[in-house]
file protein-v3.pdb (PDB, C-alpha atoms and all ligand atoms)
MODEL        1
ATOM      1  CA  MET A   1       0.000   0.000   0.000  1.00  0.00           C
ATOM      2  CA  SER A   2       1.116   3.555  -0.642  1.00  0.00           C
ATOM      3  CA  VAL A   3       2.137   5.814   2.200  1.00  0.00           C
ATOM      4  CA  LEU A   4       0.746   8.727   0.233  1.00  0.00           C
ATOM      5  CA  GLU A   5      -1.518   8.674  -2.775  1.00  0.00           C
ATOM      6  CA  LEU A   6      -2.589  11.743  -4.741  1.00  0.00           C
ATOM      7  CA  GLN A   7      -5.428  11.329  -7.208  1.00  0.00           C
ATOM      8  CA  GLY A   8      -6.394  14.088  -9.617  1.00  0.00           C
ATOM      9  CA  VAL A   9      -5.124  16.809  -7.316  1.00  0.00           C
ATOM     10  CA  ARG A  10      -5.953  20.334  -8.444  1.00  0.00           C
ATOM     11  CA  LYS A  11      -4.915  23.567  -6.774  1.00  0.00           C
ATOM     12  CA  THR A  12      -5.432  27.151  -7.835  1.00  0.00           C
ATOM     13  CA  ILE A  13      -3.297  29.825  -6.208  1.00  0.00           C
ATOM     14  CA  GLY A  14      -3.865  33.513  -6.782  1.00  0.00           C
ATOM     15  CA  GLY A  15      -6.012  32.747  -9.831  1.00  0.00           C
ATOM     16  CA  ASP A  16      -3.326  30.494 -11.270  1.00  0.00           C
ATOM     17  CA  ASN A  17      -4.130  26.825 -11.998  1.00  0.00           C
ATOM     18  CA  VAL A  18      -0.922  25.535 -10.460  1.00  0.00           C
ATOM     19  CA  LEU A  19      -1.818  21.847 -10.108  1.00  0.00           C
ATOM     20  CA  ARG A  20      -4.146  20.526 -12.793  1.00  0.00           C
ATOM     21  CA  GLY A  21      -4.653  16.878 -12.013  1.00  0.00           C
ATOM     22  CA  VAL A  22      -1.635  15.411 -10.247  1.00  0.00           C
ATOM     23  CA  ASP A  23      -1.558  11.657  -9.680  1.00  0.00           C
ATOM     24  CA  LEU A  24       1.274  10.385  -7.528  1.00  0.00           C
ATOM     25  CA  SER A  25       1.894   7.372  -5.375  1.00  0.00           C
ATOM     26  CA  LEU A  26       4.651   7.329  -2.756  1.00  0.00           C
ATOM     27  CA  ARG A  27       5.404   3.828  -1.578  1.00  0.00           C
ATOM     28  CA  PRO A  28       7.548   2.522   1.266  1.00  0.00           C
ATOM     29  CA  SER A  29      11.277   2.413   0.491  1.00  0.00           C
ATOM     30  CA  ARG A  30      10.858   4.364  -2.755  1.00  0.00           C
ATOM     31  CA  VAL A  31      12.566   7.666  -3.545  1.00  0.00           C
ATOM     32  CA  VAL A  32      10.711   9.879  -6.010  1.00  0.00           C
ATOM     33  CA  ALA A  33      11.970  13.082  -7.624  1.00  0.00           C
ATOM     34  CA  VAL A  34       9.825  15.875  -9.034  1.00  0.00           C
ATOM     35  CA  ARG A  35      11.733  18.261 -11.234  1.00  0.00           C
ATOM     36  CA  GLY A  36      10.453  21.537 -12.524  1.00  0.00           C
ATOM     37  CA  ARG A  37      11.398  25.080 -13.347  1.00  0.00           C
ATOM     38  CA  SER A  38      10.957  27.876 -10.860  1.00  0.00           C
ATOM     39  CA  GLY A  39       7.300  28.747 -10.382  1.00  0.00           C
ATOM     40  CA  VAL A  40       5.773  25.564 -11.845  1.00  0.00           C
ATOM     41  CA  GLY A  41       4.265  24.476  -8.530  1.00  0.00           C
ATOM     42  CA  LYS A  42       6.794  22.187  -6.827  1.00  0.00           C
ATOM     43  CA  THR A  43       6.342  23.800  -3.411  1.00  0.00           C
ATOM     44  CA  THR A  44       2.569  23.713  -3.831  1.00  0.00           C
ATOM     45  CA  LEU A  45       2.776  19.996  -4.592  1.00  0.00           C
ATOM     46  CA  ALA A  46       5.209  19.383  -1.722  1.00  0.00           C
ATOM     47  CA  LYS A  47       2.852  21.107   0.728  1.00  0.00           C
ATOM     48  CA  VAL A  48      -0.104  19.047  -0.471  1.00  0.00           C
ATOM     49  CA  ALA A  49       2.003  15.886  -0.093  1.00  0.00           C
ATOM     50  CA  ALA A  50       3.043  16.911   3.427  1.00  0.00           C
ATOM     51  CA  LEU A  51      -0.637  17.534   4.357  1.00  0.00           C
ATOM     52  CA  LEU A  52       0.097  21.230   4.882  1.00  0.00           C
ATOM     53  CA  LEU A  53      -2.173  22.399   2.063  1.00  0.00           C
ATOM     54  CA  LYS A  54      -5.541  21.049   0.981  1.00  0.00           C
ATOM     55  CA  PRO A  55      -6.253  20.598  -2.709  1.00  0.00           C
ATOM     56  CA  ASP A  56      -9.260  22.316  -4.299  1.00  0.00           C
ATOM     57  CA  SER A  57     -10.275  18.962  -5.706  1.00  0.00           C
ATOM     58  CA  GLY A  58      -8.871  15.494  -5.986  1.00  0.00           C
ATOM     59  CA  LEU A  59      -8.029  13.009  -3.262  1.00  0.00           C
ATOM     60  CA  VAL A  60      -5.126  12.670  -0.856  1.00  0.00           C
ATOM     61  CA  TYR A  61      -4.782   9.364   0.951  1.00  0.00           C
ATOM     62  CA  PHE A  62      -2.303   8.909   3.775  1.00  0.00           C
ATOM     63  CA  ASN A  63      -1.775   5.288   4.819  1.00  0.00           C
ATOM     64  CA  GLY A  64      -5.025   4.480   3.053  1.00  0.00           C
ATOM     65  CA  LEU A  65      -7.006   7.159   4.908  1.00  0.00           C
ATOM     66  CA  ASP A  66      -8.848   9.858   2.977  1.00  0.00           C
ATOM     67  CA  THR A  67      -7.249  12.941   4.523  1.00  0.00           C
ATOM     68  CA  SER A  68     -10.227  15.163   3.687  1.00  0.00           C
ATOM     69  CA  LYS A  69     -12.031  13.269   6.467  1.00  0.00           C
ATOM     70  CA  LEU A  70      -9.397  14.169   9.097  1.00  0.00           C
ATOM     71  CA  SER A  71      -9.836  17.076  11.509  1.00  0.00           C
ATOM     72  CA  GLU A  72      -7.179  19.781  11.812  1.00  0.00           C
ATOM     73  CA  SER A  73      -5.866  18.197  14.996  1.00  0.00           C
ATOM     74  CA  GLU A  74      -5.723  14.741  13.386  1.00  0.00           C
ATOM     75  CA  LEU A  75      -3.866  16.260  10.442  1.00  0.00           C
ATOM     76  CA  SER A  76      -1.362  17.995  12.663  1.00  0.00           C
ATOM     77  CA  SER A  77      -0.687  14.921  14.770  1.00  0.00           C
ATOM     78  CA  THR A  78      -0.245  12.868  11.579  1.00  0.00           C
ATOM     79  CA  ARG A  79       2.276  15.432  10.359  1.00  0.00           C
ATOM     80  CA  LEU A  80       4.110  15.495  13.664  1.00  0.00           C
ATOM     81  CA  LYS A  81       4.427  11.729  14.027  1.00  0.00           C
ATOM     82  CA  TYR A  82       4.759  10.477  10.501  1.00  0.00           C
ATOM     83  CA  ILE A  83       5.874  13.182   8.084  1.00  0.00           C
ATOM     84  CA  GLY A  84       9.229  14.910   7.850  1.00  0.00           C
ATOM     85  CA  TYR A  85       8.998  18.128   5.861  1.00  0.00           C
ATOM     86  CA  VAL A  86      12.012  20.050   4.608  1.00  0.00           C
ATOM     87  CA  ASP A  87      10.797  23.477   3.595  1.00  0.00           C
ATOM     88  CA  GLN A  88      12.503  25.383   0.837  1.00  0.00           C
ATOM     89  CA  ASP A  89      13.183  28.377   3.087  1.00  0.00           C
ATOM     90  CA  CYS A  90      15.019  26.284   5.719  1.00  0.00           C
ATOM     91  CA  SER A  91      12.928  27.743   8.550  1.00  0.00           C
ATOM     92  CA  LEU A  92      14.462  27.289  11.987  1.00  0.00           C
ATOM     93  CA  ILE A  93      13.701  28.819  15.371  1.00  0.00           C
ATOM     94  CA  ASP A  94      16.285  31.564  15.886  1.00  0.00           C
ATOM     95  CA  GLU A  95      16.123  31.472  19.688  1.00  0.00           C
ATOM     96  CA  LEU A  96      16.998  27.771  19.855  1.00  0.00           C
ATOM     97  CA  THR A  97      20.375  26.166  19.230  1.00  0.00           C
ATOM     98  CA  VAL A  98      20.976  23.711  16.396  1.00  0.00           C
ATOM     99  CA  TRP A  99      20.583  20.805  18.835  1.00  0.00           C
ATOM    100  CA  GLU A 100      17.362  22.227  20.309  1.00  0.00           C
ATOM    101  CA  ASN A 101      15.911  22.827  16.852  1.00  0.00           C
ATOM    102  CA  ILE A 102      16.573  19.222  15.886  1.00  0.00           C
ATOM    103  CA  GLU A 103      15.210  18.031  19.233  1.00  0.00           C
ATOM    104  CA  LEU A 104      11.942  19.953  18.981  1.00  0.00           C
ATOM    105  CA  PRO A 105       9.792  17.320  17.221  1.00  0.00           C
ATOM    106  CA  LEU A 106      10.909  14.712  19.761  1.00  0.00           C
ATOM    107  CA  ARG A 107       9.878  16.980  22.629  1.00  0.00           C
ATOM    108  CA  LEU A 108       6.521  17.611  20.975  1.00  0.00           C
ATOM    109  CA  MET A 109       6.110  13.834  20.655  1.00  0.00           C
ATOM    110  CA  ASN A 110       6.866  13.495  24.399  1.00  0.00           C
ATOM    111  CA  ILE A 111       9.881  11.307  23.791  1.00  0.00           C
ATOM    112  CA  GLU A 112      11.979  11.135  26.939  1.00  0.00           C
ATOM    113  CA  ARG A 113      15.161  13.132  27.072  1.00  0.00           C
ATOM    114  CA  SER A 114      17.292  10.020  27.639  1.00  0.00           C
ATOM    115  CA  ASN A 115      15.939   8.511  24.425  1.00  0.00           C
ATOM    116  CA  ARG A 116      16.456  11.657  22.352  1.00  0.00           C
ATOM    117  CA  ALA A 117      20.217  12.024  22.452  1.00  0.00           C
ATOM    118  CA  GLY A 118      21.122   8.855  20.574  1.00  0.00           C
ATOM    119  CA  ILE A 119      19.072   9.510  17.477  1.00  0.00           C
ATOM    120  CA  ILE A 120      19.926  13.228  17.409  1.00  0.00           C
ATOM    121  CA  GLY A 121      23.617  12.354  17.706  1.00  0.00           C
ATOM    122  CA  GLU A 122      23.392   9.910  14.825  1.00  0.00           C
ATOM    123  CA  VAL A 123      21.663  12.344  12.482  1.00  0.00           C
ATOM    124  CA  VAL A 124      24.032  15.172  13.477  1.00  0.00           C
ATOM    125  CA  GLU A 125      27.013  12.936  12.738  1.00  0.00           C
ATOM    126  CA  VAL A 126      25.793  11.596   9.396  1.00  0.00           C
ATOM    127  CA  LEU A 127      24.734  15.018   8.133  1.00  0.00           C
ATOM    128  CA  GLY A 128      28.104  16.543   9.031  1.00  0.00           C
ATOM    129  CA  LEU A 129      26.752  18.877  11.715  1.00  0.00           C
ATOM    130  CA  LYS A 130      29.060  17.818  14.523  1.00  0.00           C
ATOM    131  CA  GLY A 131      30.590  20.780  16.345  1.00  0.00           C
ATOM    132  CA  LEU A 132      27.692  23.040  15.344  1.00  0.00           C
ATOM    133  CA  GLU A 133      25.221  21.788  17.970  1.00  0.00           C
ATOM    134  CA  SER A 134      25.368  24.828  20.247  1.00  0.00           C
ATOM    135  CA  ARG A 135      25.241  27.465  17.515  1.00  0.00           C
ATOM    136  CA  ARG A 136      22.191  29.527  16.700  1.00  0.00           C
ATOM    137  CA  PRO A 137      20.687  29.258  13.225  1.00  0.00           C
ATOM    138  CA  ARG A 138      21.965  32.722  12.257  1.00  0.00           C
ATOM    139  CA  GLU A 139      25.517  31.491  12.832  1.00  0.00           C
ATOM    140  CA  LEU A 140      25.209  28.859  10.092  1.00  0.00           C
ATOM    141  CA  SER A 141      25.870  28.834   6.375  1.00  0.00           C
ATOM    142  CA  GLY A 142      22.973  28.216   3.986  1.00  0.00           C
ATOM    143  CA  GLY A 143      23.975  24.597   3.429  1.00  0.00           C
ATOM    144  CA  GLN A 144      24.402  24.002   7.151  1.00  0.00           C
ATOM    145  CA  ARG A 145      20.903  25.388   7.788  1.00  0.00           C
ATOM    146  CA  GLN A 146      19.558  23.112   5.101  1.00  0.00           C
ATOM    147  CA  ARG A 147      21.119  20.072   6.783  1.00  0.00           C
ATOM    148  CA  VAL A 148      19.745  21.113  10.187  1.00  0.00           C
ATOM    149  CA  VAL A 149      16.251  21.299   8.680  1.00  0.00           C
ATOM    150  CA  LEU A 150      16.777  17.860   7.174  1.00  0.00           C
ATOM    151  CA  ALA A 151      18.032  16.547  10.522  1.00  0.00           C
ATOM    152  CA  ARG A 152      14.923  17.935  12.248  1.00  0.00           C
ATOM    153  CA  ALA A 153      12.746  16.188   9.653  1.00  0.00           C
ATOM    154  CA  LEU A 154      14.507  12.825  10.009  1.00  0.00           C
ATOM    155  CA  VAL A 155      15.054  12.658  13.750  1.00  0.00           C
ATOM    156  CA  LYS A 156      11.492  11.552  14.465  1.00  0.00           C
ATOM    157  CA  LYS A 157      11.902   8.591  12.082  1.00  0.00           C
ATOM    158  CA  PRO A 158       9.022   9.570   9.838  1.00  0.00           C
ATOM    159  CA  ILE A 159       7.422   7.179   7.364  1.00  0.00           C
ATOM    160  CA  LEU A 160       7.283   9.936   4.725  1.00  0.00           C
ATOM    161  CA  LEU A 161       9.931  12.536   3.933  1.00  0.00           C
ATOM    162  CA  VAL A 162       8.896  15.465   1.743  1.00  0.00           C
ATOM    163  CA  ALA A 163      11.947  17.547   0.914  1.00  0.00           C
ATOM    164  CA  ASP A 164      11.433  20.722  -1.115  1.00  0.00           C
ATOM    165  CA  GLU A 165      14.706  21.488  -2.906  1.00  0.00           C
ATOM    166  CA  PRO A 166      16.822  20.011  -0.087  1.00  0.00           C
ATOM    167  CA  PHE A 167      20.027  20.206  -2.086  1.00  0.00           C
ATOM    168  CA  ALA A 168      19.769  23.800  -3.272  1.00  0.00           C
ATOM    169  CA  HIS A 169      22.643  25.023  -1.079  1.00  0.00           C
ATOM    170  CA  LEU A 170      24.787  21.889  -0.993  1.00  0.00           C
ATOM    171  CA  ASP A 171      27.941  20.939  -2.901  1.00  0.00           C
ATOM    172  CA  ASP A 172      28.004  17.742  -4.975  1.00  0.00           C
ATOM    173  CA  GLU A 173      29.912  15.701  -2.411  1.00  0.00           C
ATOM    174  CA  THR A 174      27.535  16.672   0.411  1.00  0.00           C
ATOM    175  CA  VAL A 175      24.563  15.879  -1.831  1.00  0.00           C
ATOM    176  CA  ARG A 176      26.037  12.427  -2.381  1.00  0.00           C
ATOM    177  CA  VAL A 177      26.404  11.814   1.370  1.00  0.00           C
ATOM    178  CA  VAL A 178      22.940  13.155   2.215  1.00  0.00           C
ATOM    179  CA  MET A 179      21.315  11.208  -0.618  1.00  0.00           C
ATOM    180  CA  GLY A 180      23.132   8.059   0.506  1.00  0.00           C
ATOM    181  CA  TYR A 181      21.705   8.490   4.011  1.00  0.00           C
ATOM    182  CA  ILE A 182      18.179   9.059   2.688  1.00  0.00           C
ATOM    183  CA  ARG A 183      18.493   5.943   0.514  1.00  0.00           C
ATOM    184  CA  GLN A 184      19.717   3.945   3.487  1.00  0.00           C
ATOM    185  CA  LEU A 185      16.723   5.055   5.575  1.00  0.00           C
ATOM    186  CA  ALA A 186      14.463   4.133   2.674  1.00  0.00           C
ATOM    187  CA  SER A 187      15.867   0.641   2.348  1.00  0.00           C
ATOM    188  CA  VAL A 188      16.298  -0.110   6.065  1.00  0.00           C
ATOM    189  CA  SER A 189      13.236   1.534   7.595  1.00  0.00           C
ATOM    190  CA  GLY A 190      10.886   1.756   4.607  1.00  0.00           C
ATOM    191  CA  LEU A 191      10.888   5.543   4.477  1.00  0.00           C
ATOM    192  CA  ALA A 192       8.981   6.886   1.454  1.00  0.00           C
ATOM    193  CA  VAL A 193      10.596   9.984  -0.054  1.00  0.00           C
ATOM    194  CA  LEU A 194       9.552  12.876  -2.288  1.00  0.00           C
ATOM    195  CA  ILE A 195      12.301  15.275  -3.351  1.00  0.00           C
ATOM    196  CA  THR A 196      11.775  18.333  -5.534  1.00  0.00           C
ATOM    197  CA  THR A 197      14.464  20.046  -7.549  1.00  0.00           C
ATOM    198  CA  THR A 198      14.825  22.741 -10.180  1.00  0.00           C
ATOM    199  CA  ASP A 199      17.619  20.683 -11.731  1.00  0.00           C
ATOM    200  CA  LEU A 200      16.118  19.314 -14.925  1.00  0.00           C
ATOM    201  CA  TYR A 201      19.196  17.436 -16.057  1.00  0.00           C
ATOM    202  CA  ALA A 202      21.422  16.090 -13.282  1.00  0.00           C
ATOM    203  CA  GLY A 203      21.482  12.359 -12.731  1.00  0.00           C
ATOM    204  CA  MET A 204      19.746  11.461  -9.470  1.00  0.00           C
ATOM    205  CA  ASP A 205      19.778   8.204  -7.587  1.00  0.00           C
ATOM    206  CA  VAL A 206      15.997   7.861  -7.425  1.00  0.00           C
ATOM    207  CA  ASP A 207      13.441   5.147  -8.157  1.00  0.00           C
ATOM    208  CA  GLU A 208      10.986   7.354 -10.034  1.00  0.00           C
ATOM    209  CA  ASP A 209      11.742  10.604 -11.779  1.00  0.00           C
ATOM    210  CA  TYR A 210       9.081  13.101 -12.924  1.00  0.00           C
ATOM    211  CA  TYR A 211       8.798  16.533 -14.453  1.00  0.00           C
ATOM    212  CA  LEU A 212       6.087  18.880 -13.241  1.00  0.00           C
ATOM    213  CA  VAL A 213       4.900  20.610 -16.406  1.00  0.00           C
ATOM    214  CA  ASN A 214       1.675  22.525 -16.983  1.00  0.00           C
ATOM    215  CA  GLY A 215       0.322  21.337 -13.662  1.00  0.00           C
ATOM    216  CA  VAL A 216       0.762  17.605 -14.235  1.00  0.00           C
ATOM    217  CA  LEU A 217       3.499  15.046 -13.659  1.00  0.00           C
ATOM    218  CA  VAL A 218       5.244  13.541 -16.649  1.00  0.00           C
ATOM    219  CA  ARG A 219       7.469  10.497 -16.161  1.00  0.00           C
ATOM    220  CA  ARG A 220      11.089  11.224 -17.026  1.00  0.00           C
ATOM    221  CA  THR A 221      12.455   7.723 -17.413  1.00  0.00           C
TER     222      THR A 221
HETATM  223  N1  LIG B 301       0.770  32.981  -1.762  1.00  0.00           N
HETATM  224  C1  LIG B 301       0.726  33.068  -3.095  1.00  0.00           C
HETATM  225  N2  LIG B 301      -0.056  33.980  -3.721  1.00  0.00           N
HETATM  226  C2  LIG B 301      -0.126  34.060  -5.063  1.00  0.00           C
HETATM  227  N3  LIG B 301       0.564  33.238  -5.882  1.00  0.00           N
HETATM  228  C3  LIG B 301       1.365  32.339  -5.319  1.00  0.00           C
HETATM  229  C4  LIG B 301       1.502  32.194  -3.906  1.00  0.00           C
HETATM  230  N4  LIG B 301       2.356  31.182  -3.656  1.00  0.00           N
HETATM  231  C5  LIG B 301       2.758  30.743  -4.852  1.00  0.00           C
HETATM  232  N5  LIG B 301       2.161  31.417  -5.854  1.00  0.00           N
HETATM  233  C6  LIG B 301       2.326  31.189  -7.285  1.00  0.00           C
HETATM  234  O1  LIG B 301       2.034  29.829  -7.543  1.00  0.00           O
HETATM  235  C7  LIG B 301       2.902  29.309  -8.524  1.00  0.00           C
HETATM  236  C8  LIG B 301       3.596  28.065  -8.006  1.00  0.00           C
HETATM  237  O2  LIG B 301       4.425  28.407  -6.921  1.00  0.00           O
HETATM  238  P1  LIG B 301       5.371  27.352  -6.221  1.00  0.00           P
HETATM  239  O3  LIG B 301       5.972  28.015  -5.058  1.00  0.00           O
HETATM  240  O4  LIG B 301       4.597  26.104  -5.979  1.00  0.00           O
HETATM  241  O5  LIG B 301       6.454  27.094  -7.380  1.00  0.00           O
HETATM  242  P2  LIG B 301       7.853  26.339  -7.308  1.00  0.00           P
HETATM  243  O6  LIG B 301       7.883  25.358  -8.433  1.00  0.00           O
HETATM  244  O7  LIG B 301       8.049  25.804  -5.939  1.00  0.00           O
HETATM  245  O8  LIG B 301       8.933  27.479  -7.600  1.00  0.00           O
HETATM  246  P3  LIG B 301      10.462  27.633  -7.071  1.00  0.00           P
HETATM  247  O9  LIG B 301      11.286  26.619  -7.798  1.00  0.00           O
HETATM  248  O10 LIG B 301      10.823  29.023  -7.443  1.00  0.00           O
HETATM  249  O11 LIG B 301      10.434  27.404  -5.599  1.00  0.00           O
HETATM  250  C9  LIG B 301       3.869  30.427  -8.872  1.00  0.00           C
HETATM  251  O12 LIG B 301       3.460  31.007 -10.088  1.00  0.00           O
HETATM  252  C10 LIG B 301       3.739  31.397  -7.728  1.00  0.00           C
HETATM  253  O13 LIG B 301       3.968  32.706  -8.149  1.00  0.00           O
HETATM  254 MG    MG B 302       9.414  26.109  -4.502  1.00  0.00          MG
ENDMDL
END

call {"tool": "encode", "arguments": {"input": "protein-v3.pdb", "output": "structure tokens"}}
result
Amino acid sequence: MSVLELQGVRKTIGGDNVLRGVDLSLRPSRVVAVRGRSGVGKTTLAKVAALLLKPDSGLVYFNGLDTSKLSESELSSTRLKYIGYVDQDCSLIDELTVWENIELPLRLMNIERSNRAGIIGEVVEVLGLKGLESRRPRELSGGQRQRVVLARALVKKPILLVADEPFAHLDDETVRVVMGYIRQLASVSGLAVLITTTDLYAGMDVDEDYYLVNGVLVRRT
């Protein structure tokens, strides 16, 4: 069964028909890329997939449940427990340190302090953030911020990762490491992954590759 299934999703924003019938199935252990030029609707699609934005029409199933039937509080607890979202703007809480930012979802999930450190330490290590734990977000580079946001998304061991242009500020070698970690989580823990990118050409180690064009997804390979 799919973790997330979009059927005929349409979304108009500011009078613009951004999504015009998107069908997409995100299955456990599969990594899916959506490529598209700036302004085509990748963020809109990512937000629908992360249950942050409701479509005007069409269906969104999460774990087989029709999400239009869920209340706001059910939606937000589903997001908190099961969905890691990497927003394009790399939003972090300025008053908290890197470690505290990454820890936040675990605190919200009432996971005991003694159980938090191990997983945070692992993600910090793998994503190359060691030594930065006590900094504030404003003391980070763009690529470091991006990895902290990714760490915050992964630390709760979600079943779905939606990452909106997660590699925009990263060098090729770091992209390789980060992608390797995401792939490992997919194969070991069954994580389903959606990654968007404006890169229309670069080779990507993904299972399904799509272009978002004129509001619909077109298979690349
Ligand atoms: N709040 C808004 N009000 C009006 N129009 C909006 C709003 N948000 C997005 N749009 C428009 O919707 C369209 C899709 O935007 P979206 O952010 O999904 O594109 P994108 O593919 O993520 O672009 P980028 O690669 O630049 O991030 C764009 O034409 C954008 O101008
Ligand atoms: Mg965008």

call {"tool": "residues_near_ligand", "arguments": {"input": "protein-v3.pdb", "ligand": "ligand MG 302 (chain B)", "cutoff": "7 Å", "atoms": "all atoms listed in the file", "output": "list in words"}}
result
Ser38, Gly39, Gly41, Lys42, Thr43, Gln88 and Asp164 of chain A

call {"tool": "resolve_selection", "arguments": {"input": "protein-v3.pdb", "expression": "the PyMOL selection byres (((not hetatm)) within 9 of (chain B and resi 301))", "output": "MDAnalysis selection string"}}
result
chainID A and resid 12:19 35:47 88 164:165 196:198 212

call {"tool": "closest_residue", "arguments": {"input": "protein-v3.pdb", "among": "A:Leu140, A:Leu52, A:Ala202, A:Ile120", "to": "A:Leu75", "atoms": "all atoms listed in the file"}}
result
A:Leu52

call {"tool": "resolve_selection", "arguments": {"input": "protein-v3.pdb", "expression": "the PyMOL selection byres (((chain A and resi 220) around 9) and not hetatm)", "output": "short mmCIF file (atom, residue, chain, number, x, y, z; two decimals) with C-alpha atoms, in the coordinates of the input"}}
result
data_model
loop_
_atom_site.label_atom_id
_atom_site.label_comp_id
_atom_site.auth_asym_id
_atom_site.auth_seq_id
_atom_site.Cartn_x
_atom_site.Cartn_y
_atom_site.Cartn_z
CA GLU A 208 10.99 7.35 -10.03
CA ASP A 209 11.74 10.60 -11.78
CA TYR A 210 9.08 13.10 -12.92
CA TYR A 211 8.80 16.53 -14.45
CA VAL A 218 5.24 13.54 -16.65
CA ARG A 219 7.47 10.50 -16.16
CA THR A 221 12.46 7.72 -17.41
#

call {"tool": "resolve_selection", "arguments": {"input": "protein-v3.pdb", "expression": "the PyMOL selection byres (((chain A and resi 145) around 10) and not hetatm)", "output": "number ranges by chain"}}
result
A: 89-92, 98, 129, 136-144, 146-151, 169

call {"tool": "residues_near_point", "arguments": {"input": "protein-v3.pdb", "point": "(16.7, 23.8, 17.8)", "cutoff": "9 Å", "atoms": "only C-alpha atoms", "output": "MDAnalysis selection string"}}
result
chainID A and resid 92:104 133 136:137 148 152

call {"tool": "atom_distance", "arguments": {"input": "protein-v3.pdb", "atom1": "atom CA of A:Glu173", "atom2": "atom CA of A:Ile195"}}
result
17.6 Å

call {"tool": "residues_around", "arguments": {"input": "protein-v3.pdb", "residues": "A:Val60", "least_positions_apart": "3", "cutoff": "10 Å", "atoms": "only C-alpha atoms", "output": "MDAnalysis selection string"}}
result
chainID A and resid 4:9 23:25 48:49 51 54:55 57 63:68

call {"tool": "closest_residue", "arguments": {"input": "protein-v3.pdb", "among": "A:Glu125, A:Asp56, A:Asp205, A:Glu112", "to": "A:Met179", "atoms": "all atoms listed in the file"}}
result
A:Asp205

call {"tool": "atom_distance", "arguments": {"input": "protein-v3.pdb", "atom1": "atom CA of A:Ser73", "atom2": "atom CA of A:Leu108"}}
result
13.8 Å

call {"tool": "closest_residue", "arguments": {"input": "protein-v3.pdb", "among": "A:Leu26, A:Leu170, A:Ala163, A:Val155", "to": "A:Tyr61", "atoms": "all atoms listed in the file"}}
result
A:Leu26

call {"tool": "closest_residue", "arguments": {"input": "protein-v3.pdb", "among": "A:Gly190, A:Gly84, A:Gly128, A:Gly203", "to": "A:Pro28", "atoms": "only C-alpha atoms"}}
result
A:Gly190

call {"tool": "closest_residue", "arguments": {"input": "protein-v3.pdb", "among": "A:Leu132, A:Met204, A:Val31, A:Leu154", "to": "A:Ser187", "atoms": "only C-alpha atoms"}}
result
A:Val31

call {"tool": "closest_residue", "arguments": {"input": "protein-v3.pdb", "among": "A:Arg176, A:Arg20, A:Arg30, A:Arg183", "to": "A:Asp207", "atoms": "only C-alpha atoms"}}
result
A:Arg30

call {"tool": "build_atoms", "arguments": {"input": "protein-v3.pdb", "residues": "stretch 51-63 of chain A", "atoms": "N, CA and C atoms", "output": "PDB file, in the frame of the given file"}}
result
ATOM      1  N   LEU A  51       0.639  17.250   3.668  1.00  0.00           N
ATOM      2  CA  LEU A  51      -0.637  17.534   4.357  1.00  0.00           C
ATOM      3  C   LEU A  51      -0.659  18.915   4.996  1.00  0.00           C
ATOM      4  N   LEU A  52       0.074  19.852   4.383  1.00  0.00           N
ATOM      5  CA  LEU A  52       0.097  21.230   4.882  1.00  0.00           C
ATOM      6  C   LEU A  52      -0.885  22.109   4.105  1.00  0.00           C
ATOM      7  N   LEU A  53      -1.315  21.614   2.948  1.00  0.00           N
ATOM      8  CA  LEU A  53      -2.173  22.399   2.063  1.00  0.00           C
ATOM      9  C   LEU A  53      -3.217  21.448   1.493  1.00  0.00           C
ATOM     10  N   LYS A  54      -4.483  21.904   1.517  1.00  0.00           N
ATOM     11  CA  LYS A  54      -5.541  21.049   0.981  1.00  0.00           C
ATOM     12  C   LYS A  54      -5.760  21.352  -0.486  1.00  0.00           C
ATOM     13  N   PRO A  55      -5.963  20.322  -1.295  1.00  0.00           N
ATOM     14  CA  PRO A  55      -6.253  20.598  -2.709  1.00  0.00           C
ATOM     15  C   PRO A  55      -7.662  21.164  -2.877  1.00  0.00           C
ATOM     16  N   ASP A  56      -7.904  21.841  -4.003  1.00  0.00           N
ATOM     17  CA  ASP A  56      -9.260  22.316  -4.299  1.00  0.00           C
ATOM     18  C   ASP A  56     -10.141  21.135  -4.675  1.00  0.00           C
ATOM     19  N   SER A  57      -9.559  20.203  -5.420  1.00  0.00           N
ATOM     20  CA  SER A  57     -10.275  18.962  -5.706  1.00  0.00           C
ATOM     21  C   SER A  57      -9.264  17.853  -5.901  1.00  0.00           C
ATOM     22  N   GLY A  58      -9.760  16.644  -5.941  1.00  0.00           N
ATOM     23  CA  GLY A  58      -8.871  15.494  -5.986  1.00  0.00           C
ATOM     24  C   GLY A  58      -8.736  14.903  -4.600  1.00  0.00           C
ATOM     25  N   LEU A  59      -8.088  13.747  -4.520  1.00  0.00           N
ATOM     26  CA  LEU A  59      -8.029  13.009  -3.262  1.00  0.00           C
ATOM     27  C   LEU A  59      -6.593  12.832  -2.795  1.00  0.00           C
ATOM     28  N   VAL A  60      -6.438  12.900  -1.478  1.00  0.00           N
ATOM     29  CA  VAL A  60      -5.126  12.670  -0.856  1.00  0.00           C
ATOM     30  C   VAL A  60      -5.308  11.599   0.212  1.00  0.00           C
ATOM     31  N   TYR A  61      -4.728  10.456  -0.025  1.00  0.00           N
ATOM     32  CA  TYR A  61      -4.782   9.364   0.951  1.00  0.00           C
ATOM     33  C   TYR A  61      -3.459   9.256   1.675  1.00  0.00           C
ATOM     34  N   PHE A  62      -3.516   9.157   2.997  1.00  0.00           N
ATOM     35  CA  PHE A  62      -2.303   8.909   3.775  1.00  0.00           C
ATOM     36  C   PHE A  62      -2.501   7.590   4.500  1.00  0.00           C
ATOM     37  N   ASN A  63      -1.623   6.636   4.237  1.00  0.00           N
ATOM     38  CA  ASN A  63      -1.775   5.288   4.819  1.00  0.00           C
ATOM     39  C   ASN A  63      -3.169   4.732   4.575  1.00  0.00           C
TER      40      ASN A  63
END
